$ cat my_file05.txt   # compact mmCIF, C-alpha atoms
# COMPACT_ATOMS: atom_id res chain seq x y z
CA MET A 1 4.73 18.92 137.84
CA ALA A 2 2.89 15.76 138.82
CA ARG A 3 0.94 15.33 142.03
CA ILE A 4 0.22 11.61 142.36
CA VAL A 5 -2.03 9.77 144.78
CA LEU A 6 -0.82 6.17 144.98
CA LEU A 7 -3.40 3.56 145.96
CA GLY A 8 -3.52 -0.19 146.39
CA CYS A 9 -3.80 -3.08 148.78
CA ALA A 10 -1.35 -3.62 151.62
CA GLY A 11 1.68 -5.38 150.18
CA SER A 12 1.09 -4.17 146.63
CA GLY A 13 4.32 -2.15 146.55
CA LYS A 14 2.98 1.37 147.10
CA SER A 15 5.80 2.49 149.37
CA THR A 16 8.47 1.00 147.13
CA LEU A 17 7.06 2.72 144.05
CA ALA A 18 6.65 6.00 145.95
CA ARG A 19 10.29 5.96 147.08
CA ARG A 20 11.51 5.13 143.58
CA TYR A 21 9.36 7.87 142.00
CA ALA A 22 10.47 10.50 144.54
CA ALA A 23 14.14 9.58 144.08
CA ARG A 24 13.82 9.71 140.31
CA THR A 25 11.90 13.00 140.09
CA GLY A 26 12.74 14.92 143.26
CA ALA A 27 9.04 15.12 144.12
CA ALA A 28 8.12 15.27 147.79
CA LEU A 29 7.34 11.84 149.26
CA ILE A 30 4.29 11.82 151.51
CA CYS A 31 3.80 8.47 153.23
CA LEU A 32 0.49 8.43 155.08
CA ASP A 33 1.45 5.35 157.11
CA ALA A 34 4.40 7.30 158.52
CA ILE A 35 2.14 10.19 159.52
CA TRP A 36 -0.77 8.25 160.99
CA THR A 37 -0.49 6.42 164.29
CA PRO A 38 -3.33 4.38 165.80
CA GLY A 39 -5.31 6.51 168.18
CA ALA A 40 -4.04 9.75 166.64
CA ASP A 41 -6.26 12.79 166.44
CA VAL A 42 -7.98 12.77 163.03
CA THR A 43 -8.24 16.57 162.91
CA GLU A 44 -4.50 16.92 163.47
CA PHE A 45 -3.80 14.21 160.87
CA ARG A 46 -5.94 16.08 158.32
CA GLU A 47 -4.18 19.39 159.07
CA THR A 48 -0.82 17.71 158.54
CA LEU A 49 -2.07 16.35 155.21
CA ARG A 50 -3.27 19.80 154.13
CA ARG A 51 0.16 21.29 154.83
CA MET A 52 2.01 18.48 153.07
CA HIS A 53 -0.13 18.49 149.91
CA VAL A 54 0.25 22.17 148.94
CA GLY A 55 3.40 21.72 146.85
CA ASP A 56 3.67 21.50 143.08
CA ALA A 57 5.20 18.01 142.94
CA TRP A 58 4.51 15.13 145.30
CA ILE A 59 3.62 11.48 145.50
CA SER A 60 1.17 10.63 148.25
CA ASP A 61 1.44 6.99 149.31
CA GLY A 62 -1.55 5.45 151.07
CA ASN A 63 -5.27 4.91 150.92
CA PHE A 64 -6.96 6.51 153.97
CA ALA A 65 -9.87 7.28 151.64
CA ALA A 66 -12.53 8.38 154.12
CA VAL A 67 -10.33 10.88 155.95
CA SER A 68 -8.01 12.14 153.22
CA PHE A 69 -9.44 12.05 149.70
CA ASP A 70 -11.25 15.38 150.05
CA ILE A 71 -7.83 16.92 150.76
CA ARG A 72 -5.60 14.97 148.36
CA LEU A 73 -7.66 14.25 145.25
CA PRO A 74 -8.67 17.82 144.33
CA ARG A 75 -4.93 18.67 144.13
CA ALA A 76 -3.89 15.45 142.37
CA THR A 77 -2.97 15.35 138.69
CA MET A 78 -2.97 11.54 138.59
CA ILE A 79 -4.15 8.54 140.58
CA VAL A 80 -2.00 5.42 140.32
CA TRP A 81 -3.56 2.13 141.42
CA LEU A 82 -1.26 -0.80 142.08
CA ASP A 83 -3.56 -3.69 141.20
CA ARG A 84 -1.57 -6.70 142.32
CA PRO A 85 -3.03 -10.18 142.85
CA ARG A 86 -4.01 -10.97 146.43
CA TRP A 87 -1.42 -13.79 146.66
CA SER A 88 1.33 -11.36 145.61
CA CYS A 89 0.29 -8.80 148.24
CA ALA A 90 0.22 -11.52 150.92
CA TRP A 91 3.66 -12.77 149.87
CA ARG A 92 5.17 -9.27 149.86
CA ALA A 93 3.61 -8.44 153.25
CA THR A 94 4.98 -11.66 154.74
CA ILE A 95 8.49 -11.05 153.41
CA ARG A 96 8.34 -7.46 154.67
CA ALA A 97 7.31 -8.62 158.16
CA LEU A 98 10.16 -11.15 158.23
CA THR A 99 12.80 -8.64 157.11
CA PRO A 100 14.82 -7.18 159.99
CA GLY A 101 14.93 -3.41 160.25
CA THR A 102 11.53 -2.68 158.72
CA ASP A 103 8.68 -0.83 160.39
CA HIS A 104 6.42 -3.86 159.95
CA ALA A 105 6.22 -6.20 162.93
CA LEU A 106 5.74 -9.93 162.60
CA ARG A 107 3.07 -9.76 165.33
CA ASP A 108 0.94 -7.59 163.00
CA LEU A 109 1.13 -10.02 160.08
CA PRO A 110 -2.14 -11.90 160.82
CA LYS A 111 -4.03 -8.58 160.88
CA VAL A 112 -2.38 -7.48 157.62
CA LEU A 113 -3.20 -10.80 155.94
CA ARG A 114 -6.86 -10.47 157.01
CA PHE A 115 -6.87 -6.94 155.56
CA ILE A 116 -5.46 -8.26 152.26
CA GLU A 117 -8.02 -11.09 152.21
CA GLY A 118 -10.91 -8.63 152.53
CA PHE A 119 -9.50 -5.76 150.48
CA GLU A 120 -11.46 -6.37 147.26
CA ARG A 121 -14.72 -6.87 149.12
CA ILE A 122 -14.41 -4.19 151.82
CA ASN A 123 -11.81 -1.52 151.06
CA ARG A 124 -11.76 -1.25 147.27
CA PRO A 125 -15.48 -0.31 147.05
CA LEU A 126 -14.97 2.43 149.65
CA ILE A 127 -11.85 3.73 147.92
CA GLU A 128 -13.56 3.71 144.51
CA ALA A 129 -16.61 5.56 145.90
CA GLU A 130 -14.44 8.22 147.56
CA THR A 131 -12.41 8.54 144.35
CA ARG A 132 -15.58 9.24 142.37
CA ALA A 133 -16.77 11.73 145.00
CA HIS A 134 -13.54 13.73 145.27
CA GLY A 135 -11.46 13.01 142.18
CA GLY A 136 -13.75 11.86 139.42
CA ALA A 137 -11.93 13.94 136.80
CA VAL A 138 -8.42 12.88 137.86
CA PRO A 139 -6.85 10.43 135.36
CA VAL A 140 -6.30 6.92 136.74
CA VAL A 141 -3.37 4.67 135.79
CA ARG A 142 -3.55 1.00 136.80
CA LEU A 143 -0.32 -0.95 137.13
CA THR A 144 -0.36 -4.72 137.67
CA THR A 145 3.15 -5.98 136.96
CA ASP A 146 6.75 -5.06 137.72
CA GLY A 147 7.22 -4.35 134.00
CA GLU A 148 4.33 -1.87 133.98
CA ILE A 149 5.75 -0.18 137.08
CA ASN A 150 9.19 0.09 135.49
CA ASP A 151 7.69 1.49 132.27
CA PHE A 152 5.73 4.02 134.33
CA LEU A 153 8.88 5.16 136.15
CA ALA A 154 10.82 5.35 132.86
CA ARG A 155 8.43 8.09 131.70
CA PHE A 156 9.77 10.45 134.38

$ encode --input "my_file05.txt" --output "structure tokens"
Amino acid sequence: MARIVLLGCAGSGKSTLARRYAARTGAALICLDAIWTPGADVTEFRETLRRMHVGDAWISDGNFAAVSFDIRLPRATMIVWLDRPRWSCAWRATIRALTPGTDHALRDLPKVLRFIEGFERINRPLIEAETRAHGGAVPVVRLTTDGEINDFLARF
């Protein structure tokens, strides 16, 4: 069974892909954004991640490289990067913030857009370094378009 770590910029579609994959395969869906809350205890967060990543089939949605890759990547059988253009991530994040009933607040949109703007310069290098340190042998799949995502899902 596959154990997938799903990475990418905010607004790239990680959560959508994770939900679709879990529904299609029956794999456990582990959404790090749903587990982490600002100001939470990092030790407790890491213990929760350890418990959730012991199964044989899961998709783990979220970056959290510095505090989670040493737990998640050694168990992963695949890393999937959603490599979407920055404009696409910003558009998706904006639509998400404007959609009623989502967990994403409009008041947080400026912060999210700043994160997206700096992702390639700030976050990607950190994520790539942590990937090499903790999951260098794990195969990486990069998906950039809706068609590639659909083809990926069709394999399962």

$ residues_around --input "my_file05.txt" --residues "Arg142 (chain A)" --least-positions-apart "4" --cutoff "7 Å" --atoms "all atoms listed in the file" --output "ChimeraX atom specification"
/A:80-83

$ axis_aligned_box --input "my_file05.txt" --around "region 7-11 of chain A" --padding-each-side "6 Å" --output "AutoDock Vina command-line options"
--center_x -1.1 --center_y -0.9 --center_z 148.8 --size_x 17.5 --size_y 20.9 --size_z 17.7

$ closest_residue --input "my_file05.txt" --among "A:Met52, A:Val42, A:Ala65, A:Leu153" --to "Ala28 (chain A)" --atoms "all atoms listed in the file"
A:Met52

$ closest_residue --input "my_file05.txt" --among "A:Leu106, A:Phe156, A:Asp41, A:Arg20" --to "Met1 (chain A)" --atoms "all atoms listed in the file"
A:Phe156

$ atom_distance --input "my_file05.txt" --atom1 "CA of Arg24 (chain A)" --atom2 "CA of Glu148 (chain A)"
16.3 Å

$ closest_residue --input "my_file05.txt" --among "A:Ala10, A:Lys111, A:Ala34, A:Arg3" --to "Ile59 (chain A)" --atoms "all atoms listed in the file"
A:Arg3

$ atom_distance --input "my_file05.txt" --atom1 "CA of Arg92 (chain A)" --atom2 "CA of Gly13 (chain A)"
7.9 Å

$ closest_residue --input "my_file05.txt" --among "A:Cys89, A:Ala154, A:Leu109, A:Ala129" --to "Gly8 (chain A)" --atoms "all atoms listed in the file"
A:Cys89

$ residues_near_point --input "my_file05.txt" --point "(9.6, 3.6, 148.2)" --cutoff "12 Å" --atoms "all atoms listed in the file" --output "PyMOL selection string"
chain A and resi 6+12-24+28-31+59-62

$ atom_distance --input "my_file05.txt" --atom1 "CA of Gly26 (chain A)" --atom2 "CA of Ala57 (chain A)"
8.2 Å

$ closest_residue --input "my_file05.txt" --among "A:Thr43, A:Ile127, A:Val5, A:Gly11" --to "Trp91 (chain A)" --atoms "only C-alpha atoms"
A:Gly11

$ closest_residue --input "my_file05.txt" --among "A:Arg50, A:Phe45, A:Pro74, A:Trp36" --to "His134 (chain A)" --atoms "all atoms listed in the file"
A:Pro74

$ decode --input "my_file05.txt" --residues "region 47-109 of chain A" --atoms "C-alpha atoms" --output "PDB file, in the first residue's frame"
ATOM      1  CA  GLU A  47       3.388  12.622  18.955  1.00  0.00           C
ATOM      2  CA  THR A  48       0.071  12.915  17.137  1.00  0.00           C
ATOM      3  CA  LEU A  49       1.909  12.649  13.816  1.00  0.00           C
ATOM      4  CA  ARG A  50       3.782   9.541  14.991  1.00  0.00           C
ATOM      5  CA  ARG A  51       0.511   7.835  15.917  1.00  0.00           C
ATOM      6  CA  MET A  52      -1.202   8.802  12.669  1.00  0.00           C
ATOM      7  CA  HIS A  53       1.637   7.702  10.367  1.00  0.00           C
ATOM      8  CA  VAL A  54       1.989   4.086  11.540  1.00  0.00           C
ATOM      9  CA  GLY A  55      -0.578   2.613   9.142  1.00  0.00           C
ATOM     10  CA  ASP A  56       0.063   0.807   5.880  1.00  0.00           C
ATOM     11  CA  ALA A  57      -1.831   3.241   3.625  1.00  0.00           C
ATOM     12  CA  TRP A  58      -2.123   6.990   4.084  1.00  0.00           C
ATOM     13  CA  ILE A  59      -1.795  10.323   2.361  1.00  0.00           C
ATOM     14  CA  SER A  60      -0.229  13.026   4.494  1.00  0.00           C
ATOM     15  CA  ASP A  61      -1.229  16.496   3.325  1.00  0.00           C
ATOM     16  CA  GLY A  62       1.005  19.390   4.335  1.00  0.00           C
ATOM     17  CA  ASN A  63       4.545  20.661   4.422  1.00  0.00           C
ATOM     18  CA  PHE A  64       5.623  21.315   8.049  1.00  0.00           C
ATOM     19  CA  ALA A  65       9.099  20.200   6.956  1.00  0.00           C
ATOM     20  CA  ALA A  66      11.189  21.205   9.959  1.00  0.00           C
ATOM     21  CA  VAL A  67       8.946  19.544  12.543  1.00  0.00           C
ATOM     22  CA  SER A  68       7.557  16.545  10.677  1.00  0.00           C
ATOM     23  CA  PHE A  69       9.786  15.171   7.912  1.00  0.00           C
ATOM     24  CA  ASP A  70      11.875  13.045  10.284  1.00  0.00           C
ATOM     25  CA  ILE A  71       8.612  11.307  11.249  1.00  0.00           C
ATOM     26  CA  ARG A  72       6.810  11.141   7.897  1.00  0.00           C
ATOM     27  CA  LEU A  73       9.461  10.652   5.214  1.00  0.00           C
ATOM     28  CA  PRO A  74      11.126   7.486   6.564  1.00  0.00           C
ATOM     29  CA  ARG A  75       7.691   5.772   6.357  1.00  0.00           C
ATOM     30  CA  ALA A  76       6.713   7.273   2.991  1.00  0.00           C
ATOM     31  CA  THR A  77       6.713   5.253  -0.214  1.00  0.00           C
ATOM     32  CA  MET A  78       6.243   8.348  -2.397  1.00  0.00           C
ATOM     33  CA  ILE A  79       6.495  12.123  -2.249  1.00  0.00           C
ATOM     34  CA  VAL A  80       4.087  14.040  -4.469  1.00  0.00           C
ATOM     35  CA  TRP A  81       4.879  17.691  -5.165  1.00  0.00           C
ATOM     36  CA  LEU A  82       2.124  19.885  -6.544  1.00  0.00           C
ATOM     37  CA  ASP A  83       4.180  22.381  -8.546  1.00  0.00           C
ATOM     38  CA  ARG A  84       1.594  24.948  -9.557  1.00  0.00           C
ATOM     39  CA  PRO A  85       2.411  28.442 -10.833  1.00  0.00           C
ATOM     40  CA  ARG A  86       2.364  31.164  -8.186  1.00  0.00           C
ATOM     41  CA  TRP A  87      -0.542  32.977  -9.896  1.00  0.00           C
ATOM     42  CA  SER A  88      -2.608  29.767  -9.808  1.00  0.00           C
ATOM     43  CA  CYS A  89      -1.928  29.252  -6.093  1.00  0.00           C
ATOM     44  CA  ALA A  90      -2.875  32.880  -5.366  1.00  0.00           C
ATOM     45  CA  TRP A  91      -6.081  32.540  -7.391  1.00  0.00           C
ATOM     46  CA  ARG A  92      -7.071  29.284  -5.678  1.00  0.00           C
ATOM     47  CA  ALA A  93      -6.295  30.707  -2.214  1.00  0.00           C
ATOM     48  CA  THR A  94      -8.406  33.783  -2.950  1.00  0.00           C
ATOM     49  CA  ILE A  95     -11.364  31.749  -4.189  1.00  0.00           C
ATOM     50  CA  ARG A  96     -11.065  29.474  -1.152  1.00  0.00           C
ATOM     51  CA  ALA A  97     -11.092  32.463   1.226  1.00  0.00           C
ATOM     52  CA  LEU A  98     -14.175  33.889  -0.503  1.00  0.00           C
ATOM     53  CA  THR A  99     -16.099  30.604  -0.396  1.00  0.00           C
ATOM     54  CA  PRO A 100     -18.559  30.378   2.497  1.00  0.00           C
ATOM     55  CA  GLY A 101     -18.239  27.377   4.771  1.00  0.00           C
ATOM     56  CA  THR A 102     -14.501  26.823   4.376  1.00  0.00           C
ATOM     57  CA  ASP A 103     -11.932  26.846   7.165  1.00  0.00           C
ATOM     58  CA  HIS A 104     -10.051  29.670   5.437  1.00  0.00           C
ATOM     59  CA  ALA A 105     -10.894  33.170   6.631  1.00  0.00           C
ATOM     60  CA  LEU A 106     -10.844  36.193   4.378  1.00  0.00           C
ATOM     61  CA  ARG A 107      -8.934  38.095   7.079  1.00  0.00           C
ATOM     62  CA  ASP A 108      -6.026  35.633   6.652  1.00  0.00           C
ATOM     63  CA  LEU A 109      -5.807  36.104   2.879  1.00  0.00           C
TER      64      LEU A 109
END
